[in-house]
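Source file data03.cif; content: mmCIF, C-alpha atoms and all ligand atoms.
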data_structure
loop_
_atom_site.group_PDB
_atom_site.id
_atom_site.type_symbol
_atom_site.label_atom_id
_atom_site.label_comp_id
_atom_site.auth_asym_id
_atom_site.auth_seq_id
_atom_site.Cartn_x
_atom_site.Cartn_y
_atom_site.Cartn_z
ATOM 1 C CA MET X 12 115.403 104.060 96.649
ATOM 2 C CA PRO X 13 113.482 100.988 97.849
ATOM 3 C CA GLU X 14 115.514 97.791 97.800
ATOM 4 C CA ASN X 15 112.929 95.691 96.023
ATOM 5 C CA LEU X 16 112.372 98.212 93.237
ATOM 6 C CA LEU X 17 115.323 99.796 91.461
ATOM 7 C CA ILE X 18 114.559 103.123 89.826
ATOM 8 C CA GLU X 19 116.656 104.723 87.085
ATOM 9 C CA GLY X 20 116.084 108.031 85.341
ATOM 10 C CA PRO X 21 114.457 109.967 84.003
ATOM 11 C CA LYS X 22 116.983 109.832 81.192
ATOM 12 C CA ASP X 23 115.905 110.943 77.721
ATOM 13 C CA GLY X 24 112.350 111.098 79.069
ATOM 14 C CA VAL X 25 112.346 107.500 80.315
ATOM 15 C CA ARG X 26 112.274 105.972 83.794
ATOM 16 C CA VAL X 27 113.165 102.316 84.252
ATOM 17 C CA PHE X 28 111.728 100.339 87.159
ATOM 18 C CA THR X 29 113.395 97.000 87.907
ATOM 19 C CA LEU X 30 111.575 94.531 90.154
ATOM 20 C CA ASN X 31 114.225 93.270 92.534
ATOM 21 C CA ARG X 32 113.247 90.405 94.848
ATOM 22 C CA PRO X 33 115.555 87.733 93.426
ATOM 23 C CA GLU X 34 115.077 85.459 96.436
ATOM 24 C CA ALA X 35 111.384 85.077 95.511
ATOM 25 C CA LEU X 36 111.625 85.406 91.710
ATOM 26 C CA ASN X 37 110.220 88.937 92.033
ATOM 27 C CA ALA X 38 106.967 87.692 93.590
ATOM 28 C CA LEU X 39 104.754 90.724 94.054
ATOM 29 C CA ASN X 40 104.201 91.312 97.743
ATOM 30 C CA THR X 41 102.359 94.299 99.189
ATOM 31 C CA GLU X 42 105.568 96.217 99.793
ATOM 32 C CA LEU X 43 106.841 95.798 96.233
ATOM 33 C CA LEU X 44 103.480 96.670 94.688
ATOM 34 C CA GLY X 45 103.255 99.663 97.040
ATOM 35 C CA ASN X 46 106.691 100.849 95.979
ATOM 36 C CA LEU X 47 105.790 100.424 92.339
ATOM 37 C CA SER X 48 102.606 102.379 92.775
ATOM 38 C CA ALA X 49 104.478 105.191 94.628
ATOM 39 C CA ALA X 50 107.106 105.220 91.879
ATOM 40 C CA LEU X 51 104.340 105.607 89.297
ATOM 41 C CA ASP X 52 102.911 108.531 91.315
ATOM 42 C CA GLU X 53 106.273 110.264 91.047
ATOM 43 C CA ALA X 54 106.688 109.433 87.375
ATOM 44 C CA GLU X 55 103.228 110.762 86.610
ATOM 45 C CA ALA X 56 103.879 114.047 88.421
ATOM 46 C CA ASP X 57 107.218 114.573 86.668
ATOM 47 C CA ALA X 58 106.837 116.344 83.311
ATOM 48 C CA GLU X 59 110.295 115.152 82.269
ATOM 49 C CA THR X 60 109.166 111.526 82.415
ATOM 50 C CA ARG X 61 107.360 110.686 79.206
ATOM 51 C CA ALA X 62 107.380 106.883 79.368
ATOM 52 C CA VAL X 63 108.179 104.125 81.819
ATOM 53 C CA VAL X 64 109.804 100.715 81.378
ATOM 54 C CA ILE X 65 109.098 97.929 83.865
ATOM 55 C CA THR X 66 111.414 94.946 83.913
ATOM 56 C CA GLY X 67 112.618 92.136 86.157
ATOM 57 C CA SER X 68 115.605 89.812 86.008
ATOM 58 C CA GLN X 69 116.817 87.376 83.360
ATOM 59 C CA LYS X 70 115.220 84.527 85.346
ATOM 60 C CA ALA X 71 111.914 86.159 86.213
ATOM 61 C CA PHE X 72 109.894 89.198 85.346
ATOM 62 C CA ALA X 73 107.695 88.163 88.295
ATOM 63 C CA ALA X 74 106.548 84.695 89.386
ATOM 64 C CA GLY X 75 103.196 85.958 90.608
ATOM 65 C CA ALA X 76 101.624 87.410 93.674
ATOM 66 C CA ASP X 77 103.552 86.469 96.798
ATOM 67 C CA ILE X 78 102.042 83.100 97.676
ATOM 68 C CA ASN X 79 103.171 83.229 101.323
ATOM 69 C CA GLU X 80 101.489 86.566 101.828
ATOM 70 C CA MET X 81 98.361 85.337 100.082
ATOM 71 C CA ALA X 82 98.245 82.217 102.254
ATOM 72 C CA ALA X 83 98.065 84.401 105.362
ATOM 73 C CA ARG X 84 94.853 86.073 104.185
ATOM 74 C CA ASP X 85 91.355 84.616 104.619
ATOM 75 C CA LEU X 86 88.271 85.771 102.741
ATOM 76 C CA VAL X 87 87.975 89.043 104.628
ATOM 77 C CA GLY X 88 91.734 89.524 104.346
ATOM 78 C CA ILE X 89 91.532 89.168 100.565
ATOM 79 C CA LEU X 90 88.513 91.486 100.468
ATOM 80 C CA GLU X 91 90.502 94.140 102.291
ATOM 81 C CA ASP X 92 93.794 93.392 100.541
ATOM 82 C CA PRO X 93 95.728 96.675 100.124
ATOM 83 C CA ARG X 94 97.239 95.268 96.932
ATOM 84 C CA THR X 95 93.914 95.922 95.182
ATOM 85 C CA THR X 96 94.525 99.664 95.568
ATOM 86 C CA HIS X 97 98.022 99.298 94.129
ATOM 87 C CA TRP X 98 96.746 97.362 91.099
ATOM 88 C CA ALA X 99 94.161 100.089 90.520
ATOM 89 C CA ARG X 100 96.899 102.699 90.698
ATOM 90 C CA ILE X 101 98.985 100.873 88.123
ATOM 91 C CA SER X 102 96.066 100.632 85.704
ATOM 92 C CA ARG X 103 95.318 104.371 86.112
ATOM 93 C CA PHE X 104 98.853 105.459 85.164
ATOM 94 C CA ASN X 105 98.538 107.989 82.356
ATOM 95 C CA LYS X 106 101.834 107.624 80.486
ATOM 96 C CA PRO X 107 103.000 104.758 78.272
ATOM 97 C CA ILE X 108 104.352 101.687 80.050
ATOM 98 C CA ILE X 109 106.621 99.254 78.228
ATOM 99 C CA ALA X 110 107.210 95.871 79.844
ATOM 100 C CA ALA X 111 110.545 94.153 79.176
ATOM 101 C CA VAL X 112 109.969 90.518 80.075
ATOM 102 C CA ASN X 113 112.537 87.749 80.505
ATOM 103 C CA GLY X 114 111.955 84.416 82.225
ATOM 104 C CA PHE X 115 108.800 83.761 84.255
ATOM 105 C CA ALA X 116 105.821 86.082 83.968
ATOM 106 C CA LEU X 117 103.294 84.053 85.905
ATOM 107 C CA GLY X 118 100.032 84.822 87.674
ATOM 108 C CA GLY X 119 100.231 88.391 88.974
ATOM 109 C CA GLY X 120 103.503 88.732 87.039
ATOM 110 C CA CYS X 121 101.746 88.050 83.744
ATOM 111 C CA GLU X 122 98.946 90.356 84.888
ATOM 112 C CA LEU X 123 101.426 93.128 85.689
ATOM 113 C CA ALA X 124 103.022 92.739 82.254
ATOM 114 C CA MET X 125 99.570 92.984 80.715
ATOM 115 C CA HIS X 126 99.089 96.371 82.398
ATOM 116 C CA ALA X 127 101.783 97.630 80.021
ATOM 117 C CA ASP X 128 100.868 99.312 76.749
ATOM 118 C CA ILE X 129 103.655 97.548 74.876
ATOM 119 C CA MET X 130 105.310 94.269 75.802
ATOM 120 C CA ILE X 131 108.710 93.098 74.568
ATOM 121 C CA ALA X 132 109.948 89.666 75.598
ATOM 122 C CA GLY X 133 113.141 87.682 75.455
ATOM 123 C CA THR X 134 113.141 84.208 73.937
ATOM 124 C CA THR X 135 113.246 82.692 77.446
ATOM 125 C CA ALA X 136 110.021 84.361 78.591
ATOM 126 C CA ARG X 137 107.200 82.153 79.853
ATOM 127 C CA PHE X 138 103.728 83.608 80.299
ATOM 128 C CA GLY X 139 101.142 81.810 82.360
ATOM 129 C CA GLN X 140 98.214 82.019 84.743
ATOM 130 C CA PRO X 141 98.958 79.076 87.071
ATOM 131 C CA GLU X 142 96.549 80.168 89.823
ATOM 132 C CA ILE X 143 94.314 77.160 89.084
ATOM 133 C CA ASN X 144 97.111 74.932 90.461
ATOM 134 C CA LEU X 145 96.688 76.694 93.802
ATOM 135 C CA GLY X 146 92.915 76.225 93.858
ATOM 136 C CA ILE X 147 92.330 79.877 92.997
ATOM 137 C CA MET X 148 91.999 81.944 89.832
ATOM 138 C CA PRO X 149 93.518 85.105 88.370
ATOM 139 C CA GLY X 150 92.457 88.253 90.189
ATOM 140 C CA ALA X 151 94.289 91.179 88.577
ATOM 141 C CA GLY X 152 93.095 91.005 85.005
ATOM 142 C CA GLY X 153 94.197 87.503 84.000
ATOM 143 C CA THR X 154 90.750 86.491 82.791
ATOM 144 C CA GLN X 155 89.976 89.839 81.168
ATOM 145 C CA ARG X 156 93.103 91.412 79.682
ATOM 146 C CA LEU X 157 94.378 87.999 78.574
ATOM 147 C CA VAL X 158 91.187 87.284 76.610
ATOM 148 C CA ARG X 159 91.449 90.667 74.929
ATOM 149 C CA ALA X 160 95.093 90.020 74.069
ATOM 150 C CA VAL X 161 95.090 86.396 72.880
ATOM 151 C CA GLY X 162 91.414 85.535 72.396
ATOM 152 C CA GLU X 163 89.080 83.386 74.454
ATOM 153 C CA ARG X 164 90.295 79.937 73.379
ATOM 154 C CA LEU X 165 93.956 80.316 74.277
ATOM 155 C CA ALA X 166 93.145 82.377 77.377
ATOM 156 C CA MET X 167 90.740 79.669 78.547
ATOM 157 C CA GLN X 168 93.382 76.987 77.971
ATOM 158 C CA MET X 169 95.976 78.939 79.936
ATOM 159 C CA VAL X 170 93.629 79.814 82.806
ATOM 160 C CA LEU X 171 92.125 76.319 83.167
ATOM 161 C CA THR X 172 95.285 74.241 82.679
ATOM 162 C CA GLY X 173 97.702 76.645 84.344
ATOM 163 C CA GLU X 174 100.226 75.760 81.634
ATOM 164 C CA PRO X 175 102.427 78.588 80.388
ATOM 165 C CA ILE X 176 103.155 79.596 76.810
ATOM 166 C CA ASP X 177 106.595 80.511 75.513
ATOM 167 C CA ALA X 178 107.615 83.798 73.932
ATOM 168 C CA LYS X 179 107.151 82.521 70.373
ATOM 169 C CA ARG X 180 103.561 81.493 71.087
ATOM 170 C CA ALA X 181 102.987 84.785 72.931
ATOM 171 C CA LEU X 182 104.140 86.675 69.840
ATOM 172 C CA GLU X 183 101.918 84.645 67.499
ATOM 173 C CA ALA X 184 98.960 85.152 69.834
ATOM 174 C CA GLY X 185 99.462 88.915 70.113
ATOM 175 C CA LEU X 186 100.352 89.024 73.804
ATOM 176 C CA ILE X 187 103.709 90.616 73.027
ATOM 177 C CA SER X 188 104.677 92.828 70.121
ATOM 178 C CA GLU X 189 108.341 91.839 69.733
ATOM 179 C CA ILE X 190 110.660 89.043 70.698
ATOM 180 C CA CYS X 191 114.416 89.444 71.106
ATOM 181 C CA GLN X 192 117.530 87.949 72.643
ATOM 182 C CA PRO X 193 117.113 88.002 76.449
ATOM 183 C CA GLU X 194 120.166 90.205 76.963
ATOM 184 C CA LEU X 195 118.699 92.795 74.573
ATOM 185 C CA THR X 196 115.117 92.885 75.888
ATOM 186 C CA LEU X 197 115.591 95.815 78.243
ATOM 187 C CA GLU X 198 117.669 97.785 75.755
ATOM 188 C CA ARG X 199 115.005 97.356 73.085
ATOM 189 C CA ALA X 200 112.224 98.363 75.500
ATOM 190 C CA VAL X 201 114.148 101.501 76.497
ATOM 191 C CA GLN X 202 114.726 102.315 72.845
ATOM 192 C CA ILE X 203 110.979 102.118 72.179
ATOM 193 C CA ALA X 204 110.255 104.208 75.283
ATOM 194 C CA ARG X 205 112.747 106.864 74.126
ATOM 195 C CA THR X 206 111.155 106.992 70.700
ATOM 196 C CA ILE X 207 107.787 107.631 72.323
ATOM 197 C CA ALA X 208 109.335 110.164 74.717
ATOM 198 C CA GLY X 209 110.432 112.217 71.709
ATOM 199 C CA LYS X 210 106.870 112.653 70.396
ATOM 200 C CA ALA X 211 104.358 115.368 71.278
ATOM 201 C CA PRO X 212 103.190 114.472 74.815
ATOM 202 C CA ILE X 213 99.542 115.469 74.423
ATOM 203 C CA ALA X 214 99.289 113.539 71.158
ATOM 204 C CA VAL X 215 100.848 110.504 72.861
ATOM 205 C CA ARG X 216 98.431 110.792 75.745
ATOM 206 C CA LEU X 217 95.313 111.054 73.596
ATOM 207 C CA ALA X 218 96.445 108.443 71.072
ATOM 208 C CA ARG X 219 97.149 106.005 73.915
ATOM 209 C CA GLU X 220 93.792 106.687 75.513
ATOM 210 C CA SER X 221 92.045 106.252 72.194
ATOM 211 C CA VAL X 222 93.719 102.897 71.457
ATOM 212 C CA ARG X 223 92.820 101.724 74.955
ATOM 213 C CA LYS X 224 89.175 102.696 74.408
ATOM 214 C CA ALA X 225 88.992 100.078 71.646
ATOM 215 C CA ASN X 226 88.777 97.454 74.388
ATOM 216 C CA ASP X 227 86.121 99.272 76.393
ATOM 217 C CA LEU X 228 83.770 100.757 73.813
ATOM 218 C CA ASN X 229 81.765 99.592 70.845
ATOM 219 C CA LEU X 230 83.014 100.716 67.424
ATOM 220 C CA ALA X 231 80.684 103.721 67.069
ATOM 221 C CA ASP X 232 81.582 105.109 70.514
ATOM 222 C CA GLY X 233 85.260 104.344 69.969
ATOM 223 C CA LEU X 234 85.265 106.187 66.645
ATOM 224 C CA ARG X 235 83.492 109.123 68.308
ATOM 225 C CA PHE X 236 86.138 109.239 71.044
ATOM 226 C CA GLU X 237 88.894 109.086 68.426
ATOM 227 C CA ARG X 238 87.364 111.954 66.452
ATOM 228 C CA HIS X 239 87.037 114.132 69.592
ATOM 229 C CA ALA X 240 90.642 113.430 70.583
ATOM 230 C CA PHE X 241 91.836 114.140 67.030
ATOM 231 C CA THR X 242 89.952 117.453 67.084
ATOM 232 C CA VAL X 243 91.341 118.450 70.488
ATOM 233 C CA LEU X 244 94.869 118.042 69.152
ATOM 234 C CA ALA X 245 94.138 120.723 66.541
ATOM 235 C CA GLY X 246 94.358 123.227 69.406
ATOM 236 C CA THR X 247 97.903 122.304 70.442
ATOM 237 C CA ALA X 248 101.096 124.183 69.641
ATOM 238 C CA ASP X 249 102.810 120.830 69.082
ATOM 239 C CA ARG X 250 100.494 120.044 66.167
ATOM 240 C CA GLN X 251 101.481 123.330 64.539
ATOM 241 C CA GLU X 252 105.125 122.569 65.225
ATOM 242 C CA GLY X 253 104.806 119.057 63.775
ATOM 243 C CA LEU X 254 103.168 120.286 60.578
ATOM 244 C CA ASP X 255 105.585 123.251 60.216
ATOM 245 C CA ALA X 256 108.626 121.035 60.798
ATOM 246 C CA PHE X 257 107.501 118.624 58.079
ATOM 247 C CA ARG X 258 107.056 121.414 55.555
ATOM 248 C CA GLU X 259 110.326 123.085 56.538
ATOM 249 C CA LYS X 260 112.118 119.714 56.276
ATOM 250 C CA ARG X 261 113.465 119.834 59.841
ATOM 251 C CA LYS X 262 113.022 117.819 63.016
ATOM 252 C CA PRO X 263 110.100 118.992 65.165
ATOM 253 C CA HIS X 264 110.742 120.384 68.618
ATOM 254 C CA PHE X 265 107.766 119.470 70.780
ATOM 255 C CA THR X 266 107.097 121.359 74.002
ATOM 256 C CA GLY X 267 104.011 119.641 75.366
ATOM 257 C CA ARG X 268 101.837 122.712 74.747
HETATM 258 C C1 LIG E 1 106.377 83.521 96.795
HETATM 259 C C2 LIG E 1 107.803 82.442 95.349
HETATM 260 C C3 LIG E 1 106.876 82.566 94.290
HETATM 261 C C4 LIG E 1 105.642 83.242 94.563
HETATM 262 C C5 LIG E 1 108.619 81.536 93.551
HETATM 263 N N1 LIG E 1 108.869 81.799 94.838
HETATM 264 N N2 LIG E 1 107.414 81.999 93.184
HETATM 265 N N3 LIG E 1 107.551 82.907 96.585
HETATM 266 N N4 LIG E 1 105.433 83.692 95.825
HETATM 267 N N5 LIG E 1 104.717 83.441 93.629
HETATM 268 C C6 LIG E 1 110.078 81.461 95.597
HETATM 269 C C7 LIG E 1 110.154 79.976 95.864
HETATM 270 O O1 LIG E 1 109.363 79.625 96.975
HETATM 271 C C8 LIG E 1 111.631 79.815 96.128
HETATM 272 O O2 LIG E 1 111.909 80.262 97.432
HETATM 273 C C9 LIG E 1 112.263 80.817 95.177
HETATM 274 O O3 LIG E 1 111.222 81.759 94.833
HETATM 275 C C10 LIG E 1 112.750 80.174 93.893
HETATM 276 O O4 LIG E 1 111.688 79.428 93.336
HETATM 277 P P1 LIG E 1 111.830 77.891 92.909
HETATM 278 O O5 LIG E 1 110.461 77.315 92.894
HETATM 279 O O6 LIG E 1 112.843 77.211 93.734
HETATM 280 O O7 LIG E 1 112.394 78.069 91.422
HETATM 281 P P2 LIG E 1 112.205 77.098 90.168
HETATM 282 O O8 LIG E 1 112.344 75.660 90.586
HETATM 283 O O9 LIG E 1 113.090 77.636 89.112
HETATM 284 O O10 LIG E 1 110.655 77.288 89.744
HETATM 285 C C11 LIG E 1 110.253 78.516 89.259
HETATM 286 C C12 LIG E 1 108.687 78.569 89.222
HETATM 287 C C13 LIG E 1 108.115 78.227 90.601
HETATM 288 C C14 LIG E 1 108.187 77.572 88.177
HETATM 289 C C15 LIG E 1 108.317 79.979 88.771
HETATM 290 O O11 LIG E 1 108.771 79.029 91.568
HETATM 291 C C16 LIG E 1 106.653 78.474 90.735
HETATM 292 O O12 LIG E 1 105.832 77.682 90.248
HETATM 293 N N6 LIG E 1 106.262 79.557 91.408
HETATM 294 C C17 LIG E 1 104.872 79.877 91.677
HETATM 295 C C18 LIG E 1 104.221 80.430 90.463
HETATM 296 C C19 LIG E 1 102.741 80.753 90.711
HETATM 297 O O13 LIG E 1 101.972 79.853 91.079
HETATM 298 N N7 LIG E 1 102.363 82.004 90.548
HETATM 299 C C20 LIG E 1 100.985 82.435 90.758
HETATM 300 C C21 LIG E 1 100.860 82.950 92.160
HETATM 301 S S1 LIG E 1 99.192 83.361 92.537
HETATM 302 P P3 LIG E 1 112.806 79.362 98.450
HETATM 303 O O14 LIG E 1 112.774 80.153 99.722
HETATM 304 O O15 LIG E 1 112.152 78.031 98.510
HETATM 305 O O16 LIG E 1 114.162 79.336 97.765
HETATM 306 C C22 LIG E 1 98.954 84.862 91.817
HETATM 307 C C23 LIG E 1 97.596 85.458 92.026
HETATM 308 C C24 LIG E 1 97.532 86.864 91.531
HETATM 309 O O17 LIG E 1 99.807 85.391 91.196
HETATM 310 C C25 LIG E 1 96.309 87.521 92.089
HETATM 311 C C26 LIG E 1 96.380 89.027 91.929
HETATM 312 C C27 LIG E 1 95.223 89.753 92.629
#

As structure tokens, what does this structure read like?
Amino acid sequence: MPENLLIEGPKDGVRVFTLNRPEALNALNTELLGNLSAALDEAEADAETRAVVITGSQKAFAAGADINEMAARDLVGILEDPRTTHWARISRFNKPIIAAVNGFALGGGCELAMHADIMIAGTTARFGQPEINLGIMPGAGGTQRLVRAVGERLAMQMVLTGEPIDAKRALEAGLISEICQPELTLERAVQIARTIAGKAPIAVRLARESVRKANDLNLADGLRFERHAFTVLAGTADRQEGLDAFREKRKPHFTGR
């Protein structure tokens, strides 16, 4: 197991990845992002893993890209930055990701959290895009996913001032879906992941893809995608099992077929 990324599970269909660079508030360097992307490769290939939780420490989910590493790269260095490949890998992951955020989620840390499908945060969480303070700007989705999550006005304020928002504001704005006591954030995220892990995997996959399409497609194309996905599910054994179980008043047993 890599030192800067702790991996637990799969247990009850869930793997938990804990960012672990306490000396740098979990700043995302190439090695850590590489380990995360390799861990996602494994999780994707493993049929037993149905959902993934990504978390950090009580003090920081992640305080951004590693500034020291970034400082060592000039224009060409940034152009050829291997971290770009890792970010792309994270966004391609095909199972649900739940982020459990406590403390700082800044810059690349906020962007990593926004790669998750569901985000739960403790009351101490602080979300921000402070890149502007460094004379740069967000580069892993902070101007795009943030706008889609909280709207242009708040996103613009955060990106141009660099000032963070707290968990309460993040909840009101729609960046996170639940807020809880910091010591319960991970437990709650795992509970949600386990709930999802108990559902029919193909239905989860298509439902997730369909919800995600809402950001990429216009309404007519999105509705068309949804209808196709809904129709495809009619061919699965799990749909039959789900409908039978309801009528027989028992719990369904899904097999992923
Ligand atoms: C490298 C970092 C770091 C980072 C903190 N550290 N953030 N190292 N990269 N992003 C290190 C500090 O240098 C320090 O190391 C140790 O972690 C503890 O941090 P402190 O600053 O002493 O802690 P505190 O006073 O509590 O302040 C916390 C903080 C502050 C407010 C989060 O650390 C901070 O502002 N960090 C930078 C946040 C940021 O600008 N992020 C955006 C990065 S750019 P030492 O050795 O001194 O103890 C980015 C671009 C993404 O993310 C682009 C993606 C393509």

Selection as a PyMOL selection string: residues within 7 Å of ligand LIG 1 (chain E) by all atoms listed in the file: chain X and resi 34-36+38+74-79+95+115+117-120+140-142+144-145+148-151

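Shortest separation to X:Gly45 among X:Ile108, X:Ala62, X:Ile101, X:Val161 occurs at residue X:Ile101, atoms counted being only C-alpha atoms.
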
Could you state which residues are captured by the PyMOL selection byres (((chain X and resi 58) around 10) and not hetatm) in this file, as a ChimeraX atom specification? /X:21,24,53-57,59-61,212,267

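Checking X:Arg180, X:Lys70, X:Arg26, X:His126 one by one against X:Gly139, counting all atoms listed in the file, you find the shortest gap at X:Arg180.
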
Could you list as number ranges by chain every residue that has an atom within 7 Å of (102.0, 100.1, 93.0), using the file's coordinates and counting only C-alpha atoms? X: 44-49, 97-98, 100-101

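Point (104.3, 94.6, 82.3) has the following residues at most 9 Å away: X:Val64, X:Ile65, X:Thr66, X:Phe72, X:Ile108, X:Ile109, X:Ala110, X:Ala111, X:Val112, X:Ala116, X:Gly120, X:Cys121, X:Glu122, X:Leu123, X:Ala124, X:Met125, X:His126, X:Ala127, X:Asp128, X:Ile129, X:Met130 (atoms considered: all atoms listed in the file).
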
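Across the model, the gap from atom CA of X:Gln69 to atom CA of X:Ile190 is 14.2 Å.
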
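For the structure in this document, the set picked by the PyMOL selection byres (((chain X and resi 133) around 6) and not hetatm) is Asn113, Ala132, Thr134, Thr135, Ala136, Ile190, Cys191, Gln192, Pro193 and Thr196 of chain X.
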
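Closest approach to X:Ala178 from the set X:Arg137, X:Arg84, X:Arg216, X:Arg205 is made by X:Arg137, with distances taken over only C-alpha atoms.
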
Report the residues retrieved by the PyMOL selection byres (((chain X and resi 167) around 12) and not hetatm) from the displayed file, expressed as number ranges by chain. X: 139-141, 143, 148-149, 153-155, 157-159, 161-166, 168-175

Determine, counting only C-alpha atoms, which protein, DNA and RNA residues have an atom within 10 Å of an atom of X:Phe236; residues of the same chain fewer than 2 positions away are not included. Present the result as a PDB file with C-alpha atoms, keeping the file's coordinate frame.
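The resulting file, result_29.pdb, is reproduced below:
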ATOM      1  CA  LEU X 217      95.313 111.054  73.596  1.00  0.00           C
ATOM      2  CA  GLU X 220      93.792 106.687  75.513  1.00  0.00           C
ATOM      3  CA  SER X 221      92.045 106.252  72.194  1.00  0.00           C
ATOM      4  CA  VAL X 222      93.719 102.897  71.457  1.00  0.00           C
ATOM      5  CA  LYS X 224      89.175 102.696  74.408  1.00  0.00           C
ATOM      6  CA  ALA X 225      88.992 100.078  71.646  1.00  0.00           C
ATOM      7  CA  LEU X 228      83.770 100.757  73.813  1.00  0.00           C
ATOM      8  CA  LEU X 230      83.014 100.716  67.424  1.00  0.00           C
ATOM      9  CA  ALA X 231      80.684 103.721  67.069  1.00  0.00           C
ATOM     10  CA  ASP X 232      81.582 105.109  70.514  1.00  0.00           C
ATOM     11  CA  GLY X 233      85.260 104.344  69.969  1.00  0.00           C
ATOM     12  CA  LEU X 234      85.265 106.187  66.645  1.00  0.00           C
ATOM     13  CA  ARG X 238      87.364 111.954  66.452  1.00  0.00           C
ATOM     14  CA  HIS X 239      87.037 114.132  69.592  1.00  0.00           C
ATOM     15  CA  ALA X 240      90.642 113.430  70.583  1.00  0.00           C
ATOM     16  CA  PHE X 241      91.836 114.140  67.030  1.00  0.00           C
ATOM     17  CA  THR X 242      89.952 117.453  67.084  1.00  0.00           C
TER      18      THR X 242
END

Point-to-point distance from atom CA of X:Lys106 to atom CA of X:Phe265, Å rounded to tenths: 16.4 Å

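One finds atom CA of X:Leu197 at 12.6 Å from atom CA of X:Leu30.
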
Counting only C-alpha atoms, which residue out of X:Val87, X:Asp23, X:Gly114, X:Gln251 sits closest to X:Asn37? X:Gly114
